[in-house]
Amino acid sequence: MPNANEETSVLSQVQRSAGNEPLQVAPVADDLARRFQEAGFSLALVGGSVRDALLGRLGNDLDFTTDARPEEVLKIVRPWADAVWEVGIAFGTVGAQKDGYQIEVTTYRSEAYDRTSRKPEVSYGNSIEEDLVRRDFTVNAMAVALPEKTFIDPHDGRGSLAQRLLRTPGTPQESFSDDPLRMMRAARFAAQLDFDVAPEVVEAMTEMAGRIEIVSAERVRDELNKLILSPHPRKGLTLLVDTGLAQHVLPELPALRLERDEHHRHKDVYEHTLIVLEQAIALEDDGPDLTLRLAALLHDIGKPRTRRFEKDGRVSFHHHEVVGAKMTKKRMTALKYSNELVRDVSRLVELHLRFHGYGTGEWTDSAVRRYVRDAGPLLDRLHKLTRSDCTTRNRRKAAALSRAYDGLEERIAQLQEQEELDAIRPDLDGNQIMQILDLKPGPAVGQAYKHMLELRLEHGPMEHEAAVAALKEWWAERQD
């Protein structure tokens, strides 16, 4: 929570912005508002757009609300916008693009789930006040009526904004009953905005965590992605775990809080995971990387299933990377992630210990080639994940691991210059193998190709004549 001076400063900034900041979008917003006014309807900038404007971070995504029904909105927007889409029209939303702005206009509405439905039932309201009370949080329940620029804040969203606190317009129980996904949004906004969540909201999330089960996997996944890609994912993830929501959407995460005792010592795997995620984020080059962040979050989820208490008092997690890769694939598939993302994240989980498997000795050329071949296009992310996985407080050990990985990256760079490691192939292709051995397409050609690839990985490039000789030697041994 901010101290009193910080809160007063933020509140003053918010109050100063209330009448001015949203006007920065006046050229588009005012033009659209006049068209609605001429058609006999009201229009207001609303929700996250007002919140972000007050925080001085308004982008090109603008949300509006209106008393016009969707079909009437289309009549007004179509002749004006550069593009229009109707993907959300069943929920009262018309999307448009104008002068580089992404715009959504939503009819005053109410959403509520029944106890078994995965989709909200939409009913339209008659006033903006009725619409705002059904919004998820007070910081999103503010509006600016256009074109007159009247600020509407019936639930003191500005006060919540100044306190950096997430509250609900009505009771949290009513809000989460209307749409249980709002519990996930609380965690997401905490992570995105670095806000705290009001105690009564946390209590309701804890009581109602099981309600998230009626929300579709796709909607849960999308909120989880926004949380993970936010500036402060630890804050949101901790809230999911502490309230029990994670047990329903990502149970592998709370499972990392393994019980420890004085006889069997090991790292706090849950805390280690959050640190690895933060360290991976610090290594990102071009903005948030969902693949890397998911791999960091899930890299050790195989540990609970593989934990063994050894006779000497140590705890082992043998092959947790293999088990974890399978668990990652299963969980991500259940959350409806794309096949490509499931493949890449589970592969990184599987490979995250490969570096340590070679010990501290000098890497052979063969080992370097296999490391690069197995990582493929994920090599850069594997570098970052492996470096992030070092959370030891022993500075000497951390420095030694860092130097060892520096050495590996140098070796990779050297071999890449010499051998084009990014596209390792045998020195003889399939057509050459068939010609040399007088074979037709079939399993034997594939086996020969695989043998030549192994030779390439083990020994590096071969001259053509040497490769032909090696192939013939292998083939002769098979005929004996």
# chains A, B, ... in the order shown; residues from 1 in each chain; ligands from 1
>>> select_by_dssp(residues="segment 169-212 of chain A", states="helix (DSSP H, G or I)", output="PyMOL selection string")
chain A and resi 172-178+181-193+199-212
>>> write_last_selection(atoms="N, CA, C and O atoms", output="CSV table (one decimal), in the first residue's frame")
chain,number,residue,atom,x,y,z
A,172,PRO,N,-18.1,-7.7,-3.9
A,172,PRO,CA,-17.3,-8.6,-4.7
A,172,PRO,C,-18.0,-9.9,-5.1
A,172,PRO,O,-17.9,-10.4,-6.2
A,173,GLN,N,-18.9,-10.4,-4.2
A,173,GLN,CA,-19.6,-11.6,-4.5
A,173,GLN,C,-20.6,-11.4,-5.6
A,173,GLN,O,-20.7,-12.3,-6.5
A,174,GLU,N,-21.2,-10.3,-5.7
A,174,GLU,CA,-22.1,-10.0,-6.8
A,174,GLU,C,-21.3,-9.9,-8.1
A,174,GLU,O,-21.7,-10.4,-9.2
A,175,SER,N,-20.2,-9.2,-8.1
A,175,SER,CA,-19.4,-9.0,-9.2
A,175,SER,C,-18.8,-10.3,-9.8
A,175,SER,O,-18.9,-10.6,-11.0
A,176,PHE,N,-18.4,-11.2,-8.9
A,176,PHE,CA,-17.8,-12.4,-9.3
A,176,PHE,C,-18.9,-13.4,-9.7
A,176,PHE,O,-18.6,-14.4,-10.5
A,177,SER,N,-20.1,-13.3,-9.2
A,177,SER,CA,-21.2,-14.1,-9.7
A,177,SER,C,-21.6,-13.7,-11.1
A,177,SER,O,-21.9,-14.6,-11.9
A,178,ASP,N,-21.6,-12.4,-11.4
A,178,ASP,CA,-21.9,-11.9,-12.7
A,178,ASP,C,-20.9,-12.5,-13.7
A,178,ASP,O,-21.3,-13.0,-14.8
A,181,LEU,N,-14.7,-14.8,-14.2
A,181,LEU,CA,-13.4,-14.5,-14.8
A,181,LEU,C,-12.9,-13.2,-14.1
A,181,LEU,O,-11.7,-13.0,-14.2
A,182,ARG,N,-13.7,-12.4,-13.5
A,182,ARG,CA,-13.2,-11.2,-12.9
A,182,ARG,C,-12.3,-11.5,-11.8
A,182,ARG,O,-11.4,-10.7,-11.4
A,183,MET,N,-12.3,-12.7,-11.2
A,183,MET,CA,-11.4,-13.1,-10.2
A,183,MET,C,-10.0,-13.2,-10.8
A,183,MET,O,-9.0,-12.8,-10.2
A,184,MET,N,-9.9,-13.7,-12.0
A,184,MET,CA,-8.6,-13.8,-12.7
A,184,MET,C,-8.2,-12.4,-13.1
A,184,MET,O,-7.0,-12.0,-13.1
A,185,ARG,N,-9.1,-11.5,-13.5
A,185,ARG,CA,-8.8,-10.1,-13.8
A,185,ARG,C,-8.2,-9.4,-12.7
A,185,ARG,O,-7.4,-8.5,-12.8
A,186,ALA,N,-8.7,-9.6,-11.5
A,186,ALA,CA,-8.1,-9.0,-10.3
A,186,ALA,C,-6.6,-9.3,-10.2
A,186,ALA,O,-5.8,-8.4,-10.0
A,187,ALA,N,-6.3,-10.5,-10.4
A,187,ALA,CA,-4.9,-10.9,-10.4
A,187,ALA,C,-4.1,-10.3,-11.5
A,187,ALA,O,-3.0,-9.8,-11.4
A,188,ARG,N,-4.8,-10.2,-12.7
A,188,ARG,CA,-4.1,-9.6,-13.9
A,188,ARG,C,-3.9,-8.2,-13.7
A,188,ARG,O,-2.8,-7.6,-14.0
A,189,PHE,N,-4.9,-7.4,-13.2
A,189,PHE,CA,-4.7,-6.0,-13.0
A,189,PHE,C,-3.7,-5.7,-11.9
A,189,PHE,O,-2.9,-4.7,-12.0
A,190,ALA,N,-3.6,-6.5,-10.9
A,190,ALA,CA,-2.6,-6.4,-9.9
A,190,ALA,C,-1.2,-6.5,-10.5
A,190,ALA,O,-0.3,-5.7,-10.2
A,191,ALA,N,-1.1,-7.4,-11.4
A,191,ALA,CA,0.2,-7.6,-12.1
A,191,ALA,C,0.5,-6.5,-13.1
A,191,ALA,O,1.7,-6.1,-13.3
A,192,GLN,N,-0.5,-6.1,-13.8
A,192,GLN,CA,-0.3,-5.1,-14.9
A,192,GLN,C,0.0,-3.7,-14.3
A,192,GLN,O,0.8,-3.0,-14.8
A,193,LEU,N,-0.8,-3.3,-13.3
A,193,LEU,CA,-0.8,-2.0,-12.8
A,193,LEU,C,0.0,-1.8,-11.5
A,193,LEU,O,0.2,-0.7,-11.0
A,199,PRO,N,-9.0,-6.1,0.8
A,199,PRO,CA,-9.2,-7.4,1.5
A,199,PRO,C,-10.5,-8.1,1.3
A,199,PRO,O,-10.5,-9.3,1.2
A,200,GLU,N,-11.6,-7.3,1.1
A,200,GLU,CA,-12.9,-8.0,0.9
A,200,GLU,C,-12.9,-8.7,-0.5
A,200,GLU,O,-13.6,-9.6,-0.7
A,201,VAL,N,-12.1,-8.1,-1.4
A,201,VAL,CA,-12.1,-8.7,-2.8
A,201,VAL,C,-11.3,-10.0,-2.7
A,201,VAL,O,-11.7,-11.1,-3.3
A,202,VAL,N,-10.2,-10.0,-2.0
A,202,VAL,CA,-9.3,-11.2,-1.8
A,202,VAL,C,-10.2,-12.3,-1.1
A,202,VAL,O,-10.1,-13.5,-1.4
A,203,GLU,N,-10.9,-11.9,-0.1
A,203,GLU,CA,-11.8,-12.8,0.7
A,203,GLU,C,-12.8,-13.5,-0.2
A,203,GLU,O,-13.0,-14.7,-0.2
A,204,ALA,N,-13.4,-12.7,-1.1
A,204,ALA,CA,-14.4,-13.2,-2.0
A,204,ALA,C,-13.8,-14.1,-3.0
A,204,ALA,O,-14.4,-15.2,-3.4
A,205,MET,N,-12.6,-13.8,-3.5
A,205,MET,CA,-11.9,-14.7,-4.5
A,205,MET,C,-11.6,-16.0,-3.8
A,205,MET,O,-11.7,-17.1,-4.5
A,206,THR,N,-11.2,-16.0,-2.6
A,206,THR,CA,-10.9,-17.2,-1.8
A,206,THR,C,-12.2,-18.1,-1.7
A,206,THR,O,-12.1,-19.3,-1.9
A,207,GLU,N,-13.3,-17.4,-1.3
A,207,GLU,CA,-14.5,-18.1,-1.1
A,207,GLU,C,-15.1,-18.7,-2.4
A,207,GLU,O,-15.7,-19.8,-2.4
A,208,MET,N,-14.9,-18.0,-3.5
A,208,MET,CA,-15.6,-18.3,-4.7
A,208,MET,C,-14.7,-18.9,-5.8
A,208,MET,O,-15.1,-19.0,-7.0
A,209,ALA,N,-13.5,-19.3,-5.4
A,209,ALA,CA,-12.5,-19.8,-6.4
A,209,ALA,C,-13.0,-20.9,-7.3
A,209,ALA,O,-12.7,-20.9,-8.5
A,210,GLY,N,-13.8,-21.7,-6.7
A,210,GLY,CA,-14.3,-22.9,-7.5
A,210,GLY,C,-15.2,-22.4,-8.7
A,210,GLY,O,-15.4,-23.2,-9.6
A,211,ARG,N,-15.8,-21.2,-8.6
A,211,ARG,CA,-16.7,-20.7,-9.6
A,211,ARG,C,-16.0,-20.5,-11.0
A,211,ARG,O,-16.6,-20.5,-12.0
A,212,ILE,N,-14.6,-20.4,-10.9
A,212,ILE,CA,-13.9,-20.2,-12.2
A,212,ILE,C,-14.0,-21.4,-13.1
A,212,ILE,O,-13.8,-21.4,-14.3
>>> select_by_dssp(residues="segment 204-353 of chain A", states="strand (DSSP E or B)", output="PyMOL selection string")
chain A and resi 265+308-309+314-316
>>> atom_distance(atom1="atom CA of Ala198 of chain A", atom2="atom CA of Asp136 of chain A")
13.3 Å
>>> closest_residue(among="A:Ser346, A:Thr386, A:Ser216, A:Thr392", to="Glu409 of chain A", atoms="only C-alpha atoms")
A:Thr386
>>> residues_around(residues="Ala143 of chain A", least_positions_apart="3", cutoff="6 Å", atoms="only C-alpha atoms", output="PyMOL selection string")
chain A and resi 45-46+152
>>> residues_around(residues="Asp61 of chain A", least_positions_apart="6", cutoff="12 Å", atoms="only C-alpha atoms", output="short mmCIF file (atom, residue, chain, number, x, y, z; two decimals) with all heavy atoms, in the first residue's frame")
data_model
loop_
_atom_site.label_atom_id
_atom_site.label_comp_id
_atom_site.auth_asym_id
_atom_site.auth_seq_id
_atom_site.Cartn_x
_atom_site.Cartn_y
_atom_site.Cartn_z
N VAL A 25 -7.84 12.55 -26.85
CA VAL A 25 -8.38 11.76 -27.96
C VAL A 25 -9.55 12.47 -28.63
O VAL A 25 -10.27 11.90 -29.40
CB VAL A 25 -8.83 10.36 -27.47
CG1 VAL A 25 -7.66 9.60 -26.90
CG2 VAL A 25 -9.94 10.48 -26.43
N VAL A 28 -10.83 12.18 -32.54
CA VAL A 28 -11.59 11.00 -32.93
C VAL A 28 -12.84 10.85 -32.07
O VAL A 28 -13.95 10.62 -32.58
CB VAL A 28 -10.72 9.72 -32.81
CG1 VAL A 28 -11.57 8.47 -32.95
CG2 VAL A 28 -9.63 9.73 -33.87
N ALA A 29 -12.67 11.00 -30.74
CA ALA A 29 -13.79 10.78 -29.82
C ALA A 29 -14.90 11.80 -30.03
O ALA A 29 -16.09 11.43 -30.05
CB ALA A 29 -13.29 10.83 -28.38
N LEU A 45 -16.69 7.82 -23.26
CA LEU A 45 -15.46 7.06 -23.08
C LEU A 45 -15.56 6.37 -21.73
O LEU A 45 -16.03 6.97 -20.75
CB LEU A 45 -14.26 8.01 -23.11
CG LEU A 45 -12.87 7.40 -23.21
CD1 LEU A 45 -12.66 6.78 -24.58
CD2 LEU A 45 -11.79 8.45 -22.94
N VAL A 46 -15.14 5.12 -21.66
CA VAL A 46 -15.47 4.35 -20.45
C VAL A 46 -14.37 3.37 -20.08
O VAL A 46 -13.51 3.02 -20.90
CB VAL A 46 -16.82 3.60 -20.66
CG1 VAL A 46 -16.62 2.42 -21.61
CG2 VAL A 46 -17.43 3.12 -19.34
N GLY A 47 -14.43 2.91 -18.84
CA GLY A 47 -13.63 1.76 -18.39
C GLY A 47 -12.13 1.98 -18.40
O GLY A 47 -11.62 3.00 -17.94
N GLY A 48 -11.43 1.00 -18.96
CA GLY A 48 -9.97 1.04 -18.97
C GLY A 48 -9.40 2.24 -19.68
O GLY A 48 -8.31 2.71 -19.34
N SER A 49 -10.11 2.77 -20.66
CA SER A 49 -9.62 3.94 -21.38
C SER A 49 -9.56 5.15 -20.45
O SER A 49 -8.59 5.92 -20.47
CB SER A 49 -10.54 4.26 -22.56
OG SER A 49 -10.47 3.24 -23.55
N VAL A 50 -10.60 5.34 -19.63
CA VAL A 50 -10.59 6.45 -18.67
C VAL A 50 -9.53 6.22 -17.61
O VAL A 50 -8.77 7.12 -17.24
CB VAL A 50 -11.99 6.62 -18.03
CG1 VAL A 50 -11.97 7.73 -16.99
CG2 VAL A 50 -13.03 6.92 -19.11
N ASP A 52 -6.73 4.48 -17.79
CA ASP A 52 -5.39 4.67 -18.33
C ASP A 52 -5.11 6.14 -18.64
O ASP A 52 -3.98 6.61 -18.50
CB ASP A 52 -5.21 3.82 -19.59
CG ASP A 52 -5.11 2.33 -19.27
OD1 ASP A 52 -4.91 2.00 -18.08
OD2 ASP A 52 -5.25 1.51 -20.19
N ALA A 53 -6.15 6.88 -19.07
CA ALA A 53 -5.97 8.30 -19.32
C ALA A 53 -5.60 9.03 -18.02
O ALA A 53 -4.71 9.88 -17.99
CB ALA A 53 -7.24 8.90 -19.92
N GLY A 95 -16.73 -3.35 -33.11
CA GLY A 95 -15.35 -2.89 -33.20
C GLY A 95 -15.13 -2.07 -34.45
O GLY A 95 -15.80 -2.26 -35.47
N ALA A 96 -14.18 -1.13 -34.38
CA ALA A 96 -13.89 -0.28 -35.54
C ALA A 96 -12.45 0.22 -35.46
O ALA A 96 -11.81 0.17 -34.39
CB ALA A 96 -14.85 0.90 -35.59
N GLN A 97 -11.98 0.68 -36.60
CA GLN A 97 -10.67 1.31 -36.67
C GLN A 97 -10.83 2.65 -37.35
O GLN A 97 -11.52 2.77 -38.36
CB GLN A 97 -9.69 0.43 -37.45
CG GLN A 97 -8.29 1.02 -37.53
CD GLN A 97 -7.32 0.09 -38.23
OE1 GLN A 97 -7.35 -1.12 -38.00
NE2 GLN A 97 -6.49 0.63 -39.11
N LYS A 98 -10.20 3.69 -36.79
CA LYS A 98 -10.29 5.02 -37.36
C LYS A 98 -9.02 5.80 -37.04
O LYS A 98 -8.66 5.96 -35.87
CB LYS A 98 -11.51 5.76 -36.79
CG LYS A 98 -11.68 7.19 -37.29
CD LYS A 98 -12.09 7.23 -38.75
CE LYS A 98 -12.42 8.66 -39.18
NZ LYS A 98 -12.84 8.72 -40.61
N ASP A 99 -8.33 6.24 -38.09
CA ASP A 99 -7.14 7.08 -37.94
C ASP A 99 -6.11 6.48 -36.98
O ASP A 99 -5.51 7.18 -36.16
CB ASP A 99 -7.53 8.48 -37.46
CG ASP A 99 -8.40 9.22 -38.47
OD1 ASP A 99 -8.41 8.83 -39.66
OD2 ASP A 99 -9.08 10.19 -38.06
N GLY A 100 -5.95 5.17 -37.05
CA GLY A 100 -4.96 4.50 -36.21
C GLY A 100 -5.46 4.10 -34.83
O GLY A 100 -4.73 3.48 -34.07
N TYR A 101 -6.70 4.46 -34.49
CA TYR A 101 -7.28 4.07 -33.20
C TYR A 101 -8.09 2.78 -33.35
O TYR A 101 -8.84 2.64 -34.31
CB TYR A 101 -8.18 5.18 -32.65
CG TYR A 101 -7.43 6.39 -32.13
CD1 TYR A 101 -7.20 7.50 -32.95
CD2 TYR A 101 -6.96 6.42 -30.83
CE1 TYR A 101 -6.52 8.60 -32.47
CE2 TYR A 101 -6.28 7.53 -30.34
CZ TYR A 101 -6.05 8.61 -31.16
OH TYR A 101 -5.37 9.70 -30.69
N GLN A 102 -7.95 1.89 -32.36
CA GLN A 102 -8.78 0.70 -32.28
C GLN A 102 -9.93 1.02 -31.32
O GLN A 102 -9.69 1.36 -30.17
CB GLN A 102 -7.99 -0.50 -31.76
CG GLN A 102 -6.77 -0.85 -32.61
CD GLN A 102 -7.15 -1.26 -34.01
OE1 GLN A 102 -8.11 -2.01 -34.21
NE2 GLN A 102 -6.40 -0.79 -34.99
N ILE A 103 -11.14 0.93 -31.82
CA ILE A 103 -12.31 1.42 -31.07
C ILE A 103 -13.30 0.30 -30.84
O ILE A 103 -13.55 -0.52 -31.73
CB ILE A 103 -12.98 2.56 -31.87
CG1 ILE A 103 -12.05 3.79 -31.89
CG2 ILE A 103 -14.35 2.92 -31.30
CD1 ILE A 103 -12.47 4.84 -32.89
N GLU A 104 -13.86 0.24 -29.63
CA GLU A 104 -14.96 -0.67 -29.34
C GLU A 104 -16.11 0.14 -28.74
O GLU A 104 -15.89 0.93 -27.80
CB GLU A 104 -14.54 -1.77 -28.37
CG GLU A 104 -13.65 -2.83 -29.01
CD GLU A 104 -13.48 -4.06 -28.15
OE1 GLU A 104 -13.89 -4.01 -26.96
OE2 GLU A 104 -12.96 -5.07 -28.65
N VAL A 105 -17.29 -0.04 -29.29
CA VAL A 105 -18.49 0.64 -28.79
C VAL A 105 -19.44 -0.44 -28.29
O VAL A 105 -19.86 -1.30 -29.05
CB VAL A 105 -19.17 1.48 -29.88
CG1 VAL A 105 -20.38 2.21 -29.30
CG2 VAL A 105 -18.18 2.48 -30.49
#
>>> residues_around(residues="Ile76 of chain A", least_positions_apart="6", cutoff="9 Å", atoms="only C-alpha atoms", output="number ranges by chain")
A: 32, 35-36, 39
>>> closest_residue(among="A:Lys330, A:Lys336, A:Arg109, A:His320", to="Leu353 of chain A", atoms="only C-alpha atoms")
A:His320
>>> residues_around(residues="Ala255 of chain A", least_positions_apart="2", cutoff="12 Å", atoms="only C-alpha atoms", output="PDB file with N, CA, C and O atoms, in the first residue's frame")
ATOM      1  N   VAL A 241      -2.371 -18.113  -6.327  1.00  0.00           N
ATOM      2  CA  VAL A 241      -2.033 -19.233  -5.454  1.00  0.00           C
ATOM      3  C   VAL A 241      -2.645 -19.046  -4.068  1.00  0.00           C
ATOM      4  O   VAL A 241      -3.255 -19.965  -3.507  1.00  0.00           O
ATOM      5  N   GLY A 244      -6.397 -19.668  -3.903  1.00  0.00           N
ATOM      6  CA  GLY A 244      -6.859 -20.988  -4.333  1.00  0.00           C
ATOM      7  C   GLY A 244      -7.303 -21.037  -5.773  1.00  0.00           C
ATOM      8  O   GLY A 244      -7.639 -22.118  -6.283  1.00  0.00           O
ATOM      9  N   ALA A 246      -5.439 -20.674  -8.415  1.00  0.00           N
ATOM     10  CA  ALA A 246      -4.450 -21.432  -9.182  1.00  0.00           C
ATOM     11  C   ALA A 246      -4.722 -22.927  -9.117  1.00  0.00           C
ATOM     12  O   ALA A 246      -4.413 -23.664 -10.064  1.00  0.00           O
ATOM     13  N   GLN A 247      -5.304 -23.385  -8.030  1.00  0.00           N
ATOM     14  CA  GLN A 247      -5.608 -24.805  -7.893  1.00  0.00           C
ATOM     15  C   GLN A 247      -6.577 -25.261  -8.980  1.00  0.00           C
ATOM     16  O   GLN A 247      -6.595 -26.433  -9.358  1.00  0.00           O
ATOM     17  N   HIS A 248      -7.365 -24.332  -9.508  1.00  0.00           N
ATOM     18  CA  HIS A 248      -8.346 -24.659 -10.538  1.00  0.00           C
ATOM     19  C   HIS A 248      -7.843 -24.387 -11.954  1.00  0.00           C
ATOM     20  O   HIS A 248      -8.294 -25.041 -12.896  1.00  0.00           O
ATOM     21  N   LEU A 250      -4.228 -23.590 -12.773  1.00  0.00           N
ATOM     22  CA  LEU A 250      -2.837 -23.999 -12.987  1.00  0.00           C
ATOM     23  C   LEU A 250      -2.340 -24.707 -11.725  1.00  0.00           C
ATOM     24  O   LEU A 250      -1.461 -24.214 -11.026  1.00  0.00           O
ATOM     25  N   PRO A 251      -2.916 -25.877 -11.432  1.00  0.00           N
ATOM     26  CA  PRO A 251      -2.629 -26.546 -10.157  1.00  0.00           C
ATOM     27  C   PRO A 251      -1.169 -26.935  -9.976  1.00  0.00           C
ATOM     28  O   PRO A 251      -0.720 -27.151  -8.852  1.00  0.00           O
ATOM     29  N   GLU A 252      -0.428 -27.027 -11.060  1.00  0.00           N
ATOM     30  CA  GLU A 252       0.992 -27.386 -10.957  1.00  0.00           C
ATOM     31  C   GLU A 252       1.790 -26.311 -10.215  1.00  0.00           C
ATOM     32  O   GLU A 252       2.849 -26.612  -9.641  1.00  0.00           O
ATOM     33  N   LEU A 253       1.300 -25.062 -10.227  1.00  0.00           N
ATOM     34  CA  LEU A 253       2.040 -23.985  -9.561  1.00  0.00           C
ATOM     35  C   LEU A 253       1.958 -24.101  -8.038  1.00  0.00           C
ATOM     36  O   LEU A 253       3.007 -24.148  -7.370  1.00  0.00           O
ATOM     37  N   ARG A 257       4.853 -25.826  -3.828  1.00  0.00           N
ATOM     38  CA  ARG A 257       5.118 -25.480  -2.429  1.00  0.00           C
ATOM     39  C   ARG A 257       5.294 -26.773  -1.633  1.00  0.00           C
ATOM     40  O   ARG A 257       4.443 -27.170  -0.829  1.00  0.00           O
ATOM     41  N   LEU A 258       6.386 -27.432  -1.853  1.00  0.00           N
ATOM     42  CA  LEU A 258       6.651 -28.733  -1.229  1.00  0.00           C
ATOM     43  C   LEU A 258       6.950 -28.574   0.255  1.00  0.00           C
ATOM     44  O   LEU A 258       7.616 -27.626   0.674  1.00  0.00           O
ATOM     45  N   GLU A 259       6.436 -29.496   1.028  1.00  0.00           N
ATOM     46  CA  GLU A 259       6.733 -29.490   2.458  1.00  0.00           C
ATOM     47  C   GLU A 259       8.216 -29.790   2.671  1.00  0.00           C
ATOM     48  O   GLU A 259       8.814 -30.608   1.980  1.00  0.00           O
ATOM     49  N   ASP A 268      13.262 -24.032  -1.828  1.00  0.00           N
ATOM     50  CA  ASP A 268      11.834 -23.752  -1.930  1.00  0.00           C
ATOM     51  C   ASP A 268      11.520 -23.655  -3.418  1.00  0.00           C
ATOM     52  O   ASP A 268      11.828 -22.648  -4.063  1.00  0.00           O
ATOM     53  N   VAL A 269      10.936 -24.707  -3.966  1.00  0.00           N
ATOM     54  CA  VAL A 269      10.761 -24.788  -5.420  1.00  0.00           C
ATOM     55  C   VAL A 269       9.797 -23.709  -5.924  1.00  0.00           C
ATOM     56  O   VAL A 269       9.989 -23.148  -7.011  1.00  0.00           O
ATOM     57  N   TYR A 270       8.780 -23.405  -5.149  1.00  0.00           N
ATOM     58  CA  TYR A 270       7.816 -22.371  -5.543  1.00  0.00           C
ATOM     59  C   TYR A 270       8.493 -21.004  -5.629  1.00  0.00           C
ATOM     60  O   TYR A 270       8.381 -20.294  -6.639  1.00  0.00           O
ATOM     61  N   GLU A 271       9.216 -20.637  -4.582  1.00  0.00           N
ATOM     62  CA  GLU A 271       9.912 -19.348  -4.577  1.00  0.00           C
ATOM     63  C   GLU A 271      10.985 -19.326  -5.663  1.00  0.00           C
ATOM     64  O   GLU A 271      11.171 -18.306  -6.356  1.00  0.00           O
ATOM     65  N   THR A 273      10.905 -20.831  -8.482  1.00  0.00           N
ATOM     66  CA  THR A 273      10.240 -20.669  -9.774  1.00  0.00           C
ATOM     67  C   THR A 273       9.913 -19.204 -10.047  1.00  0.00           C
ATOM     68  O   THR A 273      10.122 -18.702 -11.168  1.00  0.00           O
ATOM     69  N   LEU A 298       6.996 -22.934 -15.740  1.00  0.00           N
ATOM     70  CA  LEU A 298       6.671 -24.357 -15.700  1.00  0.00           C
ATOM     71  C   LEU A 298       7.890 -25.279 -15.639  1.00  0.00           C
ATOM     72  O   LEU A 298       7.735 -26.500 -15.566  1.00  0.00           O
ATOM     73  N   ASP A 300       9.998 -26.383 -13.570  1.00  0.00           N
ATOM     74  CA  ASP A 300      10.224 -27.344 -12.476  1.00  0.00           C
ATOM     75  C   ASP A 300       8.957 -28.053 -12.020  1.00  0.00           C
ATOM     76  O   ASP A 300       8.943 -28.669 -10.940  1.00  0.00           O
ATOM     77  N   ILE A 301       7.879 -28.003 -12.811  1.00  0.00           N
ATOM     78  CA  ILE A 301       6.621 -28.596 -12.315  1.00  0.00           C
ATOM     79  C   ILE A 301       6.696 -30.116 -12.198  1.00  0.00           C
ATOM     80  O   ILE A 301       5.820 -30.731 -11.574  1.00  0.00           O
ATOM     81  N   GLY A 302       7.737 -30.721 -12.741  1.00  0.00           N
ATOM     82  CA  GLY A 302       7.909 -32.167 -12.592  1.00  0.00           C
ATOM     83  C   GLY A 302       8.518 -32.564 -11.254  1.00  0.00           C
ATOM     84  O   GLY A 302       8.569 -33.755 -10.917  1.00  0.00           O
ATOM     85  N   LYS A 303       8.970 -31.590 -10.473  1.00  0.00           N
ATOM     86  CA  LYS A 303       9.662 -31.928  -9.226  1.00  0.00           C
ATOM     87  C   LYS A 303       8.779 -32.617  -8.189  1.00  0.00           C
ATOM     88  O   LYS A 303       9.224 -33.586  -7.556  1.00  0.00           O
ATOM     89  N   PRO A 304       7.557 -32.157  -7.951  1.00  0.00           N
ATOM     90  CA  PRO A 304       6.748 -32.854  -6.939  1.00  0.00           C
ATOM     91  C   PRO A 304       6.568 -34.338  -7.229  1.00  0.00           C
ATOM     92  O   PRO A 304       6.574 -35.166  -6.309  1.00  0.00           O
ATOM     93  N   ARG A 305       6.427 -34.706  -8.480  1.00  0.00           N
ATOM     94  CA  ARG A 305       6.204 -36.113  -8.835  1.00  0.00           C
ATOM     95  C   ARG A 305       7.474 -36.944  -8.784  1.00  0.00           C
ATOM     96  O   ARG A 305       7.410 -38.180  -8.755  1.00  0.00           O
TER      97      ARG A 305
END
>>> closest_residue(among="A:Val94, A:Val349, A:Ala398, A:Ala448", to="Lys75 of chain A", atoms="only C-alpha atoms")
A:Val94
>>> atom_distance(atom1="atom CA of Val342 of chain A", atom2="atom CA of Lys329 of chain A")
5.7 Å
>>> decode(residues="segment 345-350 of chain A", atoms="N, CA, C and O atoms", output="short mmCIF file (atom, residue, chain, number, x, y, z; two decimals), in the first residue's frame")
data_model
loop_
_atom_site.label_atom_id
_atom_site.label_comp_id
_atom_site.auth_asym_id
_atom_site.auth_seq_id
_atom_site.Cartn_x
_atom_site.Cartn_y
_atom_site.Cartn_z
N VAL A 345 7.25 -24.66 -25.59
CA VAL A 345 7.41 -24.52 -24.14
C VAL A 345 7.78 -25.87 -23.51
O VAL A 345 8.69 -25.94 -22.67
N SER A 346 7.13 -26.94 -23.93
CA SER A 346 7.45 -28.25 -23.36
C SER A 346 8.86 -28.67 -23.74
O SER A 346 9.56 -29.32 -22.95
N ARG A 347 9.32 -28.29 -24.93
CA ARG A 347 10.69 -28.61 -25.34
C ARG A 347 11.71 -27.86 -24.47
O ARG A 347 12.72 -28.43 -24.05
N LEU A 348 11.45 -26.60 -24.18
CA LEU A 348 12.35 -25.84 -23.31
C LEU A 348 12.39 -26.44 -21.91
O LEU A 348 13.45 -26.52 -21.29
N VAL A 349 11.24 -26.87 -21.40
CA VAL A 349 11.20 -27.52 -20.08
C VAL A 349 12.05 -28.78 -20.11
O VAL A 349 12.82 -29.06 -19.19
N GLU A 350 11.92 -29.54 -21.19
CA GLU A 350 12.69 -30.79 -21.31
C GLU A 350 14.19 -30.54 -21.38
O GLU A 350 14.99 -31.34 -20.87
#
